[in-house]
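Data block for structure.pdb (PDB, C-alpha atoms (C1' of nucleotides)):
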ATOM      1  CA  MET A  14      26.252 -15.088   1.530
ATOM      2  CA  ALA A  15      29.579 -13.370   1.019
ATOM      3  CA  GLU A  16      29.092 -12.576  -2.630
ATOM      4  CA  PRO A  17      27.984  -9.014  -3.314
ATOM      5  CA  LEU A  18      24.462  -8.203  -4.342
ATOM      6  CA  ASP A  19      23.842  -7.603  -8.003
ATOM      7  CA  PRO A  20      23.238  -3.849  -8.252
ATOM      8  CA  GLU A  21      20.721  -4.539 -10.988
ATOM      9  CA  MET A  22      18.816  -7.285  -9.276
ATOM     10  CA  PHE A  23      15.758  -5.047  -9.531
ATOM     11  CA  ASP A  24      14.971  -3.999 -13.067
ATOM     12  CA  PRO A  25      14.598  -0.202 -13.098
ATOM     13  CA  VAL A  26      12.016  -0.353 -15.859
ATOM     14  CA  CYS A  27      10.155  -3.297 -14.406
ATOM     15  CA  PRO A  28       6.435  -2.594 -14.172
ATOM     16  CA  SER A  29       6.304  -3.767 -10.595
ATOM     17  CA  SER A  30       4.741  -0.462  -9.609
ATOM     18  CA  ALA A  31       1.686  -1.622 -11.519
ATOM     19  CA  MET A  32       1.547  -4.843  -9.584
ATOM     20  CA  PRO A  33      -1.621  -4.979  -7.529
ATOM     21  CA  ILE A  34       0.128  -6.862  -4.763
ATOM     22  CA  GLN A  35       2.352  -5.348  -2.145
ATOM     23  CA  ILE A  36       4.290  -6.872   0.712
ATOM     24  CA  GLY A  37       4.645  -4.445   3.581
ATOM     25  CA  ASP A  38       5.715  -0.968   2.586
ATOM     26  CA  LYS A  39       7.074   0.067  -0.745
ATOM     27  CA  TRP A  40      10.550  -1.406  -0.223
ATOM     28  CA  THR A  41       9.868  -4.270   2.184
ATOM     29  CA  ALA A  42       9.704  -7.060  -0.370
ATOM     30  CA  MET A  43      12.906  -5.897  -2.013
ATOM     31  CA  VAL A  44      14.667  -5.786   1.327
ATOM     32  CA  VAL A  45      13.536  -9.343   2.001
ATOM     33  CA  LEU A  46      14.973 -10.404  -1.329
ATOM     34  CA  CYS A  47      18.238  -8.602  -0.586
ATOM     35  CA  LEU A  48      18.516 -10.553   2.646
ATOM     36  CA  GLU A  49      17.496 -13.870   1.144
ATOM     37  CA  GLY A  50      21.110 -14.976   0.776
ATOM     38  CA  GLY A  51      22.125 -14.144   4.341
ATOM     39  CA  ARG A  52      23.240 -11.205   6.479
ATOM     40  CA  ARG A  53      23.837  -7.869   4.795
ATOM     41  CA  ARG A  54      25.099  -4.471   5.847
ATOM     42  CA  PHE A  55      23.077  -1.282   5.588
ATOM     43  CA  ASN A  56      24.770   0.033   2.492
ATOM     44  CA  GLU A  57      24.835  -3.401   0.956
ATOM     45  CA  ILE A  58      21.060  -3.466   1.063
ATOM     46  CA  LYS A  59      20.903   0.107  -0.089
ATOM     47  CA  GLY A  60      22.838  -0.679  -3.260
ATOM     48  CA  PRO A  61      20.229  -2.443  -5.384
ATOM     49  CA  LEU A  62      17.430  -0.283  -3.978
ATOM     50  CA  ARG A  63      18.078   2.471  -6.451
ATOM     51  CA  GLY A  64      16.882   5.793  -5.241
ATOM     52  CA  ILE A  65      16.046   4.880  -1.675
ATOM     53  CA  THR A  66      17.202   7.442   0.854
ATOM     54  CA  PRO A  67      18.909   6.349   4.077
ATOM     55  CA  LYS A  68      15.998   7.729   6.037
ATOM     56  CA  VAL A  69      13.471   5.585   4.238
ATOM     57  CA  LEU A  70      15.648   2.488   4.382
ATOM     58  CA  THR A  71      16.063   3.021   8.111
ATOM     59  CA  GLN A  72      12.303   3.401   8.481
ATOM     60  CA  THR A  73      11.715   0.244   6.516
ATOM     61  CA  LEU A  74      14.257  -1.780   8.467
ATOM     62  CA  ARG A  75      12.999  -0.475  11.813
ATOM     63  CA  ALA A  76       9.442  -1.419  10.937
ATOM     64  CA  MET A  77      10.593  -4.854   9.860
ATOM     65  CA  GLU A  78      12.576  -5.263  13.045
ATOM     66  CA  ARG A  79       9.519  -4.275  15.060
ATOM     67  CA  ASP A  80       7.453  -6.907  13.318
ATOM     68  CA  GLY A  81      10.067  -9.574  13.898
ATOM     69  CA  LEU A  82      10.977  -9.901  10.240
ATOM     70  CA  VAL A  83      14.644  -8.992  10.595
ATOM     71  CA  THR A  84      17.230  -8.796  13.329
ATOM     72  CA  ARG A  85      19.630  -5.893  13.652
ATOM     73  CA  THR A  86      23.162  -6.440  14.908
ATOM     74  CA  ALA A  87      25.340  -3.424  15.592
ATOM     75  CA  HIS A  88      29.002  -4.313  15.971
ATOM     76  CA  ASP A  89      30.898  -1.957  18.226
ATOM     77  CA  GLU A  90      33.646  -1.117  15.811
ATOM     78  CA  ASN A  91      35.061   1.838  13.999
ATOM     79  CA  PRO A  92      33.967   2.432  11.340
ATOM     80  CA  PRO A  93      30.524   1.244  12.441
ATOM     81  CA  ARG A  94      29.201  -2.006  11.088
ATOM     82  CA  VAL A  95      25.547  -2.989  11.300
ATOM     83  CA  GLU A  96      24.140  -6.170   9.888
ATOM     84  CA  TYR A  97      20.579  -7.184   9.151
ATOM     85  CA  GLU A  98      19.338 -10.727   8.839
ATOM     86  CA  LEU A  99      16.007 -12.337   8.089
ATOM     87  CA  THR A 100      14.266 -14.126  10.915
ATOM     88  CA  PRO A 101      12.323 -17.321  10.181
ATOM     89  CA  LEU A 102       9.218 -15.148  10.177
ATOM     90  CA  GLY A 103      10.765 -12.843   7.628
ATOM     91  CA  ARG A 104      11.868 -15.839   5.641
ATOM     92  CA  SER A 105       8.276 -17.072   5.579
ATOM     93  CA  LEU A 106       7.455 -14.097   3.373
ATOM     94  CA  LEU A 107       9.625 -15.519   0.612
ATOM     95  CA  THR A 108       6.925 -18.040  -0.234
ATOM     96  CA  LEU A 109       4.404 -15.264  -0.577
ATOM     97  CA  ILE A 110       6.741 -13.128  -2.640
ATOM     98  CA  GLU A 111       7.253 -16.023  -4.979
ATOM     99  CA  ALA A 112       3.493 -16.427  -5.243
ATOM    100  CA  THR A 113       3.092 -12.787  -6.219
ATOM    101  CA  ARG A 114       5.879 -13.180  -8.758
ATOM    102  CA  ALA A 115       4.156 -16.193 -10.231
ATOM    103  CA  TRP A 116       0.919 -14.245 -10.469
ATOM    104  CA  SER A 117       2.730 -11.369 -12.152
ATOM    105  CA  ARG A 118       4.427 -13.585 -14.674
ATOM    106  CA  GLU A 119       1.107 -15.095 -15.556
ATOM    107  CA  HIS A 120      -1.299 -12.170 -15.341
ATOM    108  CA  LEU A 121       0.478  -8.825 -15.176
ATOM    109  CA  PRO A 122       0.786  -8.517 -18.967
ATOM    110  CA  ALA A 123      -2.975  -8.884 -19.262
ATOM    111  CA  LEU A 124      -3.492  -6.220 -16.618
ATOM    112  CA  LEU A 125      -1.097  -3.848 -18.356
ATOM    113  CA  GLN A 126      -2.779  -4.516 -21.651
ATOM    114  CA  ALA A 127      -6.225  -3.845 -20.188
ATOM    115  CA  ARG A 128      -4.947  -0.634 -18.685
ATOM    116  CA  ALA A 129      -3.402   0.541 -21.927
ATOM    117  CA  ALA A 130      -6.533  -0.322 -23.861
ATOM    118  CA  HIS A 131      -8.671   1.516 -21.349
ATOM    119  CA  ASP A 132      -6.408   4.557 -21.360
ATOM    120  CA  SER A 133      -6.466   4.801 -25.126
ATOM    121  CA  THR A 134     -10.252   4.860 -25.395
ATOM    122  CA  PRO A 135     -11.209   8.529 -25.728
ATOM    123  CA  ASP A 136     -14.639   8.016 -24.191
ATOM    124  CA  ARG A 137     -13.112   7.577 -20.751
ATOM    125  CA  SER A 138     -10.735   9.642 -18.695
ATOM    126  CA  PRO A 139      -7.554   9.880 -20.751
ATOM    127  CA  PRO A 140      -4.076   9.260 -19.333
ATOM    128  CA  GLY A 141      -2.725  12.001 -17.170
TER     129      GLY A 141
ATOM    130  CA  MET B  48     -25.163 -15.478  -6.612
ATOM    131  CA  ALA B  49     -28.573 -14.170  -5.658
ATOM    132  CA  GLU B  50     -28.176 -14.495  -1.916
ATOM    133  CA  PRO B  51     -27.332 -11.273  -0.132
ATOM    134  CA  LEU B  52     -23.871 -10.571   1.186
ATOM    135  CA  ASP B  53     -23.294 -11.110   4.856
ATOM    136  CA  PRO B  54     -22.956  -7.608   6.287
ATOM    137  CA  GLU B  55     -20.395  -8.955   8.715
ATOM    138  CA  MET B  56     -18.290 -10.896   6.276
ATOM    139  CA  PHE B  57     -15.377  -8.658   7.284
ATOM    140  CA  ASP B  58     -14.633  -8.720  10.975
ATOM    141  CA  PRO B  59     -14.444  -5.119  12.209
ATOM    142  CA  VAL B  60     -11.839  -5.986  14.810
ATOM    143  CA  CYS B  61      -9.805  -8.240  12.558
ATOM    144  CA  PRO B  62      -6.126  -7.310  12.606
ATOM    145  CA  SER B  63      -5.945  -7.293   8.833
ATOM    146  CA  SER B  64      -4.594  -3.770   8.941
ATOM    147  CA  ALA B  65      -1.449  -5.275  10.424
ATOM    148  CA  MET B  66      -1.124  -7.698   7.576
ATOM    149  CA  PRO B  67       2.034  -6.994   5.623
ATOM    150  CA  ILE B  68       0.355  -7.991   2.380
ATOM    151  CA  GLN B  69      -1.949  -5.828   0.353
ATOM    152  CA  ILE B  70      -3.829  -6.459  -2.861
ATOM    153  CA  GLY B  71      -4.342  -3.283  -4.814
ATOM    154  CA  ASP B  72      -5.675  -0.387  -2.794
ATOM    155  CA  LYS B  73      -7.085  -0.520   0.682
ATOM    156  CA  TRP B  74     -10.427  -1.970  -0.345
ATOM    157  CA  THR B  75      -9.573  -3.899  -3.513
ATOM    158  CA  ALA B  76      -9.213  -7.325  -1.959
ATOM    159  CA  MET B  77     -12.484  -6.926  -0.085
ATOM    160  CA  VAL B  78     -14.258  -5.891  -3.261
ATOM    161  CA  VAL B  79     -12.910  -8.988  -4.982
ATOM    162  CA  LEU B  80     -14.256 -11.121  -2.177
ATOM    163  CA  CYS B  81     -17.619  -9.376  -2.369
ATOM    164  CA  LEU B  82     -17.795 -10.251  -6.050
ATOM    165  CA  GLU B  83     -16.552 -13.791  -5.640
ATOM    166  CA  GLY B  84     -20.085 -15.171  -5.723
ATOM    167  CA  GLY B  85     -21.180 -13.350  -8.851
ATOM    168  CA  ARG B  86     -22.480  -9.988 -10.002
ATOM    169  CA  ARG B  87     -23.290  -7.367  -7.385
ATOM    170  CA  ARG B  88     -24.767  -3.902  -7.382
ATOM    171  CA  PHE B  89     -22.972  -0.829  -6.093
ATOM    172  CA  ASN B  90     -24.766  -0.645  -2.782
ATOM    173  CA  GLU B  91     -24.573  -4.391  -2.391
ATOM    174  CA  ILE B  92     -20.793  -4.188  -2.414
ATOM    175  CA  LYS B  93     -20.882  -1.144  -0.205
ATOM    176  CA  GLY B  94     -22.754  -3.017   2.520
ATOM    177  CA  PRO B  95     -20.045  -5.193   4.029
ATOM    178  CA  LEU B  96     -17.395  -2.530   3.434
ATOM    179  CA  ARG B  97     -18.250  -0.738   6.612
ATOM    180  CA  GLY B  98     -17.294   2.874   6.515
ATOM    181  CA  ILE B  99     -16.376   3.184   2.871
ATOM    182  CA  THR B 100     -17.723   6.331   1.255
ATOM    183  CA  PRO B 101     -19.350   6.207  -2.176
ATOM    184  CA  LYS B 102     -16.553   8.319  -3.528
ATOM    185  CA  VAL B 103     -13.859   5.894  -2.450
ATOM    186  CA  LEU B 104     -15.807   2.867  -3.605
ATOM    187  CA  THR B 105     -16.256   4.505  -6.979
ATOM    188  CA  GLN B 106     -12.536   5.219  -7.144
ATOM    189  CA  THR B 107     -11.742   1.635  -6.259
ATOM    190  CA  LEU B 108     -14.140   0.178  -8.781
ATOM    191  CA  ARG B 109     -12.982   2.528 -11.540
ATOM    192  CA  ALA B 110      -9.372   1.571 -10.936
ATOM    193  CA  MET B 111     -10.298  -2.087 -10.993
ATOM    194  CA  GLU B 112     -12.237  -1.618 -14.191
ATOM    195  CA  ARG B 113      -9.276   0.137 -15.748
ATOM    196  CA  ASP B 114      -7.031  -2.782 -14.889
ATOM    197  CA  GLY B 115      -9.474  -5.283 -16.313
ATOM    198  CA  LEU B 116     -10.335  -6.807 -12.938
ATOM    199  CA  VAL B 117     -14.065  -6.055 -13.069
ATOM    200  CA  THR B 118     -16.651  -5.183 -15.653
ATOM    201  CA  ARG B 119     -19.251  -2.497 -15.128
ATOM    202  CA  THR B 120     -22.721  -2.860 -16.565
ATOM    203  CA  ALA B 121     -25.102   0.070 -16.338
ATOM    204  CA  HIS B 122     -28.696  -0.896 -17.045
ATOM    205  CA  ASP B 123     -30.752   1.899 -18.535
ATOM    206  CA  GLU B 124     -33.549   1.778 -16.024
ATOM    207  CA  ASN B 125     -35.181   3.912 -13.431
ATOM    208  CA  PRO B 126     -34.114   3.726 -10.692
ATOM    209  CA  PRO B 127     -30.593   3.177 -12.018
ATOM    210  CA  ARG B 128     -29.041  -0.245 -11.700
ATOM    211  CA  VAL B 129     -25.340  -0.861 -12.121
ATOM    212  CA  GLU B 130     -23.715  -4.227 -11.714
ATOM    213  CA  TYR B 131     -20.107  -5.175 -11.247
ATOM    214  CA  GLU B 132     -18.628  -8.544 -12.014
ATOM    215  CA  LEU B 133     -15.202 -10.092 -11.746
ATOM    216  CA  THR B 134     -13.361 -10.819 -14.960
ATOM    217  CA  PRO B 135     -11.222 -13.965 -15.217
ATOM    218  CA  LEU B 136      -8.263 -11.703 -14.491
ATOM    219  CA  GLY B 137      -9.938 -10.389 -11.377
ATOM    220  CA  ARG B 138     -10.846 -13.916 -10.430
ATOM    221  CA  SER B 139      -7.186 -14.899 -10.704
ATOM    222  CA  LEU B 140      -6.545 -12.721  -7.676
ATOM    223  CA  LEU B 141      -8.617 -15.054  -5.533
ATOM    224  CA  THR B 142      -5.757 -17.555  -5.481
ATOM    225  CA  LEU B 143      -3.403 -14.886  -4.260
ATOM    226  CA  ILE B 144      -5.845 -13.639  -1.663
ATOM    227  CA  GLU B 145      -6.172 -17.157  -0.340
ATOM    228  CA  ALA B 146      -2.376 -17.406  -0.187
ATOM    229  CA  THR B 147      -2.197 -14.246   1.898
ATOM    230  CA  ARG B 148      -4.934 -15.586   4.144
ATOM    231  CA  ALA B 149      -3.014 -18.806   4.613
ATOM    232  CA  TRP B 150       0.117 -16.851   5.483
ATOM    233  CA  SER B 151      -1.838 -14.757   7.968
ATOM    234  CA  ARG B 152      -3.381 -17.743   9.663
ATOM    235  CA  GLU B 153       0.047 -19.265  10.052
ATOM    236  CA  HIS B 154       2.268 -16.285  10.774
ATOM    237  CA  LEU B 155       0.295 -13.175  11.671
ATOM    238  CA  PRO B 156       0.041 -14.085  15.354
ATOM    239  CA  ALA B 157       3.832 -14.305  15.529
ATOM    240  CA  LEU B 158       4.138 -10.919  13.858
ATOM    241  CA  LEU B 159       1.645  -9.353  16.235
ATOM    242  CA  GLN B 160       3.410 -10.922  19.173
ATOM    243  CA  ALA B 161       6.793  -9.620  18.015
ATOM    244  CA  ARG B 162       5.299  -6.180  17.588
ATOM    245  CA  ALA B 163       3.742  -6.171  21.036
ATOM    246  CA  ALA B 164       6.956  -7.402  22.603
ATOM    247  CA  HIS B 165       8.933  -4.740  20.803
ATOM    248  CA  ASP B 166       6.515  -1.987  21.755
ATOM    249  CA  SER B 167       6.631  -2.935  25.417
ATOM    250  CA  THR B 168      10.412  -2.719  25.688
ATOM    251  CA  PRO B 169      11.149   0.721  27.156
ATOM    252  CA  ASP B 170      14.593   0.919  25.528
ATOM    253  CA  ARG B 171      13.025   1.512  22.153
ATOM    254  CA  SER B 172      10.468   3.945  20.886
ATOM    255  CA  PRO B 173       7.328   3.325  22.924
ATOM    256  CA  PRO B 174       3.862   2.921  21.377
ATOM    257  CA  GLY B 175       2.371   6.087  20.030
TER     258      GLY B 175
ATOM    259  C1'  DC C 139      29.557   3.907   7.954
ATOM    260  C1'  DG C 140      25.119   4.216   9.475
ATOM    261  C1'  DG C 141      22.332   6.805  10.548
ATOM    262  C1'  DA C 142      19.290  11.398  12.664
ATOM    263  C1'  DA C 143      16.856  15.953  11.883
ATOM    264  C1'  DT C 144      14.262  18.807   9.163
ATOM    265  C1'  DC C 145      11.309  20.181   5.554
ATOM    266  C1'  DC C 146       8.382  19.212   1.803
ATOM    267  C1'  DT C 147       5.213  17.048  -1.808
ATOM    268  C1'  DC C 148       2.068  13.776  -3.367
ATOM    269  C1'  DT C 149      -1.321  10.515  -2.797
ATOM    270  C1'  DT C 150      -4.855   8.297  -0.260
ATOM    271  C1'  DC C 151      -8.588   8.219   2.491
ATOM    272  C1'  DG C 152     -12.557  10.216   4.670
ATOM    273  C1'  DA C 153     -16.584  13.667   5.771
ATOM    274  C1'  DT C 154     -20.155  16.206   3.920
ATOM    275  C1'  DA C 155     -23.329  17.709   0.700
ATOM    276  C1'  DC C 156     -25.596  17.597  -3.661
ATOM    277  C1'  DT C 157     -27.578  15.476  -8.346
ATOM    278  C1'  DG C 158     -29.590  12.839 -12.644
TER     279       DG C 158
ATOM    280  C1'  DC D 175     -29.819   4.161  -6.803
ATOM    281  C1'  DA D 176     -25.485   5.378  -8.068
ATOM    282  C1'  DG D 177     -22.940   8.291  -8.184
ATOM    283  C1'  DT D 178     -20.316  13.617  -8.354
ATOM    284  C1'  DA D 179     -18.171  17.830  -6.098
ATOM    285  C1'  DT D 180     -15.543  19.870  -2.664
ATOM    286  C1'  DC D 181     -12.865  20.128   1.336
ATOM    287  C1'  DG D 182      -9.627  18.565   4.516
ATOM    288  C1'  DA D 183      -6.564  15.446   7.453
ATOM    289  C1'  DA D 184      -2.958  12.195   7.486
ATOM    290  C1'  DG D 185       0.833   9.631   6.317
ATOM    291  C1'  DA D 186       4.157   7.686   3.153
ATOM    292  C1'  DG D 187       7.934   8.718   0.755
ATOM    293  C1'  DG D 188      11.703  11.835  -0.806
ATOM    294  C1'  DA D 189      15.484  15.800  -0.724
ATOM    295  C1'  DT D 190      18.784  17.783   1.878
ATOM    296  C1'  DT D 191      21.799  18.476   5.539
ATOM    297  C1'  DC D 192      24.350  17.218   9.569
ATOM    298  C1'  DC D 193      26.407  13.931  13.299
ATOM    299  C1'  DG D 194      29.042  10.206  16.313
TER     300       DG D 194
END

Encoded form (structure tokens):
Amino acid sequence: MAEPLDPEMFDPVCPSSAMPIQIGDKWTAMVVLCLEGGRRRFNEIKGPLRGITPKVLTQTLRAMERDGLVTRTAHDENPPRVEYELTPLGRSLLTLIEATRAWSREHLPALLQARAAHDSTPDRSPPG
Amino acid sequence: MAEPLDPEMFDPVCPSSAMPIQIGDKWTAMVVLCLEGGRRRFNEIKGPLRGITPKVLTQTLRAMERDGLVTRTAHDENPPRVEYELTPLGRSLLTLIEATRAWSREHLPALLQARAAHDSTPDRSPPG
DNA sequence: CGGAATCCTCTTCGATACTG
DNA sequence: CAGTATCGAAGAGGATTCCG
């Protein structure tokens, strides 16, 4: 839980945006995975989430806190230090995330292939 | 596969909108469930999907067709008859949908309870 | 460091009306 | 019956800037 997060733990060219399954909001599942190994600080989570803005990460974490998925601990120090940790409820999502990953490994290529085939047929709406 | 769909197969007051898991777009999972028993016509699917407009159902079905989740068969008759059917790929989502249902049965009450508790604490942003 | 405030765009969903 | 066309509201997500 002390080792740093791999900045490339989420493949930038991964076709996950095509995945027909979503956990929470756009970043929720990735946040859960970032916290899988234990408590993390705000910017620690932000690292692998390439392109997320602090505002959106705050939104995501607040929503997760509201739903009892994470706990937020603000240490009264200077510089500030805030840590987020998965609750058991949040941890229960890991099973589901793994299920979606299993589905993707098994079926996402077929979906992508169907989509590409469909998009390359000129008798339907072309890619745009 | 010939028996009509139960118009109330989706509970109107079910808290599924709070579910942190989503398959495809808003209606995709429900369409899959409508087609679980076999081929269905456009307005047959539309029935249980209370409130969906034809435009949105068409969008949903087209997207699903593009991704190889359903097949569309237009019979050249009068009046028109169009039938939609799950592909094996679309059918593979049923497993995942059942997994999300299992998670919801087990954990959604806790999530809802955490949310209600959070919303009733005056030291945070109140319900809006 | 960990946000908050503001502004903006893009997509999604819905209401309504019309058509082959 | 099975859509299409058009309009509009809403919200998610992002860019930028500023603060304790």

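Separating CA of Leu48 (chain A) from C1' of DC193 (chain D) is a distance of 27.8 Å.
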
Residue by residue, what does the PyMOL selection byres ((chain B and resi 87-92) around 9) grab here? Present the result as JSON, numbers by chain.
{"B": [48, 49, 51, 52, 78, 81, 82, 84, 85, 86, 93, 94, 95, 96, 101, 104, 105, 128, 129, 130, 131, 132], "D": [175, 176]}

Nearest-residue call for chain C, choices B:Asp166, B:Asp72, B:Glu112, B:Glu124, using all atoms listed in the file:
B:Asp72

Hey, what's within 8 Å of region 143-156 of chain C if we count only C-alpha atoms (C1' of nucleotides) and toss same-chain stuff fewer than 4 positions away? As a ChimeraX atom specification, please?
/B:100,103 /D:179,192

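C1' of DG141 (chain C) to CA of Ala164 (chain B) spans 24.2 Å [interatomic distance, one decimal].
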
Residues of chain C within 10 Å of chain A, counting only C-alpha atoms (C1' of nucleotides), as a JSON list (two decimals) with C-alpha atoms (C1' of nucleotides), in the coordinates of the input:
[["chain", "number", "residue", "atom", "x", "y", "z"],
["C", 139, "DC", "C1'", 29.56, 3.91, 7.95],
["C", 140, "DG", "C1'", 25.12, 4.22, 9.48],
["C", 141, "DG", "C1'", 22.33, 6.80, 10.55],
["C", 142, "DA", "C1'", 19.29, 11.40, 12.66]]

Find the residues in chain A near chain B: any atom within 9 Å counts, using only C-alpha atoms. Write them as a PDB file with C-alpha atoms, in the frame of the given file.
ATOM      1  CA  MET A  32       1.547  -4.843  -9.584  1.00  0.00           C
ATOM      2  CA  PRO A  33      -1.621  -4.979  -7.529  1.00  0.00           C
ATOM      3  CA  ILE A  34       0.128  -6.862  -4.763  1.00  0.00           C
ATOM      4  CA  GLN A  35       2.352  -5.348  -2.145  1.00  0.00           C
ATOM      5  CA  ILE A  36       4.290  -6.872   0.712  1.00  0.00           C
ATOM      6  CA  GLY A  37       4.645  -4.445   3.581  1.00  0.00           C
ATOM      7  CA  ASP A  38       5.715  -0.968   2.586  1.00  0.00           C
ATOM      8  CA  THR A  41       9.868  -4.270   2.184  1.00  0.00           C
ATOM      9  CA  GLU A  78      12.576  -5.263  13.045  1.00  0.00           C
ATOM     10  CA  ARG A  79       9.519  -4.275  15.060  1.00  0.00           C
ATOM     11  CA  ASP A  80       7.453  -6.907  13.318  1.00  0.00           C
ATOM     12  CA  GLY A  81      10.067  -9.574  13.898  1.00  0.00           C
ATOM     13  CA  LEU A  82      10.977  -9.901  10.240  1.00  0.00           C
ATOM     14  CA  LEU A 102       9.218 -15.148  10.177  1.00  0.00           C
ATOM     15  CA  SER A 105       8.276 -17.072   5.579  1.00  0.00           C
ATOM     16  CA  LEU A 106       7.455 -14.097   3.373  1.00  0.00           C
ATOM     17  CA  THR A 108       6.925 -18.040  -0.234  1.00  0.00           C
ATOM     18  CA  LEU A 109       4.404 -15.264  -0.577  1.00  0.00           C
ATOM     19  CA  ALA A 112       3.493 -16.427  -5.243  1.00  0.00           C
ATOM     20  CA  THR A 113       3.092 -12.787  -6.219  1.00  0.00           C
ATOM     21  CA  TRP A 116       0.919 -14.245 -10.469  1.00  0.00           C
ATOM     22  CA  HIS A 120      -1.299 -12.170 -15.341  1.00  0.00           C
ATOM     23  CA  ALA A 123      -2.975  -8.884 -19.262  1.00  0.00           C
ATOM     24  CA  LEU A 124      -3.492  -6.220 -16.618  1.00  0.00           C
ATOM     25  CA  LEU A 125      -1.097  -3.848 -18.356  1.00  0.00           C
ATOM     26  CA  GLN A 126      -2.779  -4.516 -21.651  1.00  0.00           C
ATOM     27  CA  ALA A 127      -6.225  -3.845 -20.188  1.00  0.00           C
ATOM     28  CA  ARG A 128      -4.947  -0.634 -18.685  1.00  0.00           C
ATOM     29  CA  ALA A 129      -3.402   0.541 -21.927  1.00  0.00           C
ATOM     30  CA  ALA A 130      -6.533  -0.322 -23.861  1.00  0.00           C
ATOM     31  CA  HIS A 131      -8.671   1.516 -21.349  1.00  0.00           C
ATOM     32  CA  ASP A 132      -6.408   4.557 -21.360  1.00  0.00           C
TER      33      ASP A 132
END

Contact set, chain D to chain A: 10 Å, only C-alpha atoms (C1' of nucleotides), as a VMD selection string:
chain D and resid 186 to 189 194

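Put simply, CA of Thr100 (chain A) is 5.2 Å away from CA of Val83 (chain A).
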
Centre and edge lengths of an axis-aligned box around all listed atoms of region 94-98 of chain A, with 3 Å added on each side, are to be given in Å to one decimal, as AutoDock Vina command-line options.
--center_x 24.3 --center_y -6.4 --center_z 10.1 --size_x 15.9 --size_y 14.7 --size_z 8.5

Would you save region 141-152 of chain C to a file, keeping N, CA, C and O atoms (P, O5', C5', C4', C3', O3' and C1' of nucleotides), as a short mmCIF file (atom, residue, chain, number, x, y, z; two decimals), in the first residue's frame?
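Once written, result_27.cif looks like this:
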data_model
loop_
_atom_site.label_atom_id
_atom_site.label_comp_id
_atom_site.auth_asym_id
_atom_site.auth_seq_id
_atom_site.Cartn_x
_atom_site.Cartn_y
_atom_site.Cartn_z
P DG C 141 -9.39 17.34 -1.47
"O5'" DG C 141 -9.64 17.77 -2.99
"C5'" DG C 141 -10.73 18.61 -3.29
"C4'" DG C 141 -10.43 20.05 -2.96
"C3'" DG C 141 -11.46 21.03 -3.46
"O3'" DG C 141 -12.43 21.26 -2.46
"C1'" DG C 141 -9.23 21.83 -3.76
P DA C 142 -13.91 21.57 -2.86
"O5'" DA C 142 -13.89 23.10 -3.31
"C5'" DA C 142 -13.62 24.12 -2.35
"C4'" DA C 142 -13.74 25.49 -3.02
"C3'" DA C 142 -15.05 25.70 -3.79
"O3'" DA C 142 -15.53 27.01 -3.55
"C1'" DA C 142 -13.22 25.91 -5.27
P DA C 143 -16.94 27.47 -4.15
"O5'" DA C 143 -16.54 28.26 -5.47
"C5'" DA C 143 -15.48 29.23 -5.43
"C4'" DA C 143 -15.52 30.07 -6.71
"C3'" DA C 143 -16.89 30.13 -7.38
"O3'" DA C 143 -17.10 31.43 -7.89
"C1'" DA C 143 -15.30 29.10 -8.84
P DT C 144 -18.50 31.81 -8.57
"O5'" DT C 144 -18.14 31.70 -10.12
"C5'" DT C 144 -16.94 32.32 -10.61
"C4'" DT C 144 -16.70 31.94 -12.06
"C3'" DT C 144 -17.96 31.85 -12.91
"O3'" DT C 144 -17.90 32.83 -13.93
"C1'" DT C 144 -16.48 30.03 -13.32
P DC C 145 -19.17 33.08 -14.91
"O5'" DC C 145 -18.69 32.32 -16.22
"C5'" DC C 145 -17.35 32.51 -16.71
"C4'" DC C 145 -17.07 31.51 -17.81
"C3'" DC C 145 -18.23 31.33 -18.81
"O3'" DC C 145 -17.76 31.53 -20.14
"C1'" DC C 145 -17.46 29.23 -18.01
P DC C 146 -18.81 31.56 -21.35
"O5'" DC C 146 -18.53 30.15 -22.02
"C5'" DC C 146 -17.19 29.66 -22.19
"C4'" DC C 146 -17.22 28.21 -22.58
"C3'" DC C 146 -18.33 27.85 -23.56
"O3'" DC C 146 -17.77 27.38 -24.77
"C1'" DC C 146 -18.18 26.27 -21.80
P DT C 147 -18.74 27.17 -26.04
"O5'" DT C 147 -18.51 25.61 -26.35
"C5'" DT C 147 -17.25 25.00 -26.09
"C4'" DT C 147 -17.41 23.48 -26.07
"C3'" DT C 147 -18.34 22.94 -27.16
"O3'" DT C 147 -17.78 21.75 -27.68
"C1'" DT C 147 -19.10 22.23 -25.05
P DC C 148 -18.34 21.18 -29.07
"O5'" DC C 148 -18.40 19.62 -28.79
"C5'" DC C 148 -17.85 19.09 -27.58
"C4'" DC C 148 -18.76 17.99 -27.05
"C3'" DC C 148 -19.66 17.37 -28.12
"O3'" DC C 148 -19.37 15.99 -28.19
"C1'" DC C 148 -20.90 17.92 -26.15
P DT C 149 -20.18 15.10 -29.27
"O5'" DT C 149 -21.18 14.27 -28.34
"C5'" DT C 149 -20.70 13.75 -27.10
"C4'" DT C 149 -21.86 13.37 -26.21
"C3'" DT C 149 -22.93 12.49 -26.88
"O3'" DT C 149 -23.01 11.27 -26.17
"C1'" DT C 149 -23.92 14.31 -25.65
P DT C 150 -23.99 10.10 -26.60
"O5'" DT C 150 -25.23 10.29 -25.64
"C5'" DT C 150 -24.98 10.57 -24.25
"C4'" DT C 150 -26.30 10.85 -23.56
"C3'" DT C 150 -27.47 9.97 -24.06
"O3'" DT C 150 -28.07 9.36 -22.95
"C1'" DT C 150 -28.07 12.28 -24.06
P DC C 151 -29.16 8.21 -23.14
"O5'" DC C 151 -30.53 8.98 -22.88
"C5'" DC C 151 -30.69 9.71 -21.65
"C4'" DC C 151 -31.83 10.70 -21.79
"C3'" DC C 151 -33.13 10.09 -22.31
"O3'" DC C 151 -34.09 10.04 -21.25
"C1'" DC C 151 -32.64 12.21 -23.31
P DG C 152 -35.51 9.42 -21.50
"O5'" DG C 152 -36.36 10.67 -21.99
"C5'" DG C 152 -36.46 11.81 -21.16
"C4'" DG C 152 -37.23 12.90 -21.85
"C3'" DG C 152 -38.57 12.47 -22.46
"O3'" DG C 152 -39.61 13.29 -21.95
"C1'" DG C 152 -37.30 13.74 -24.01
#
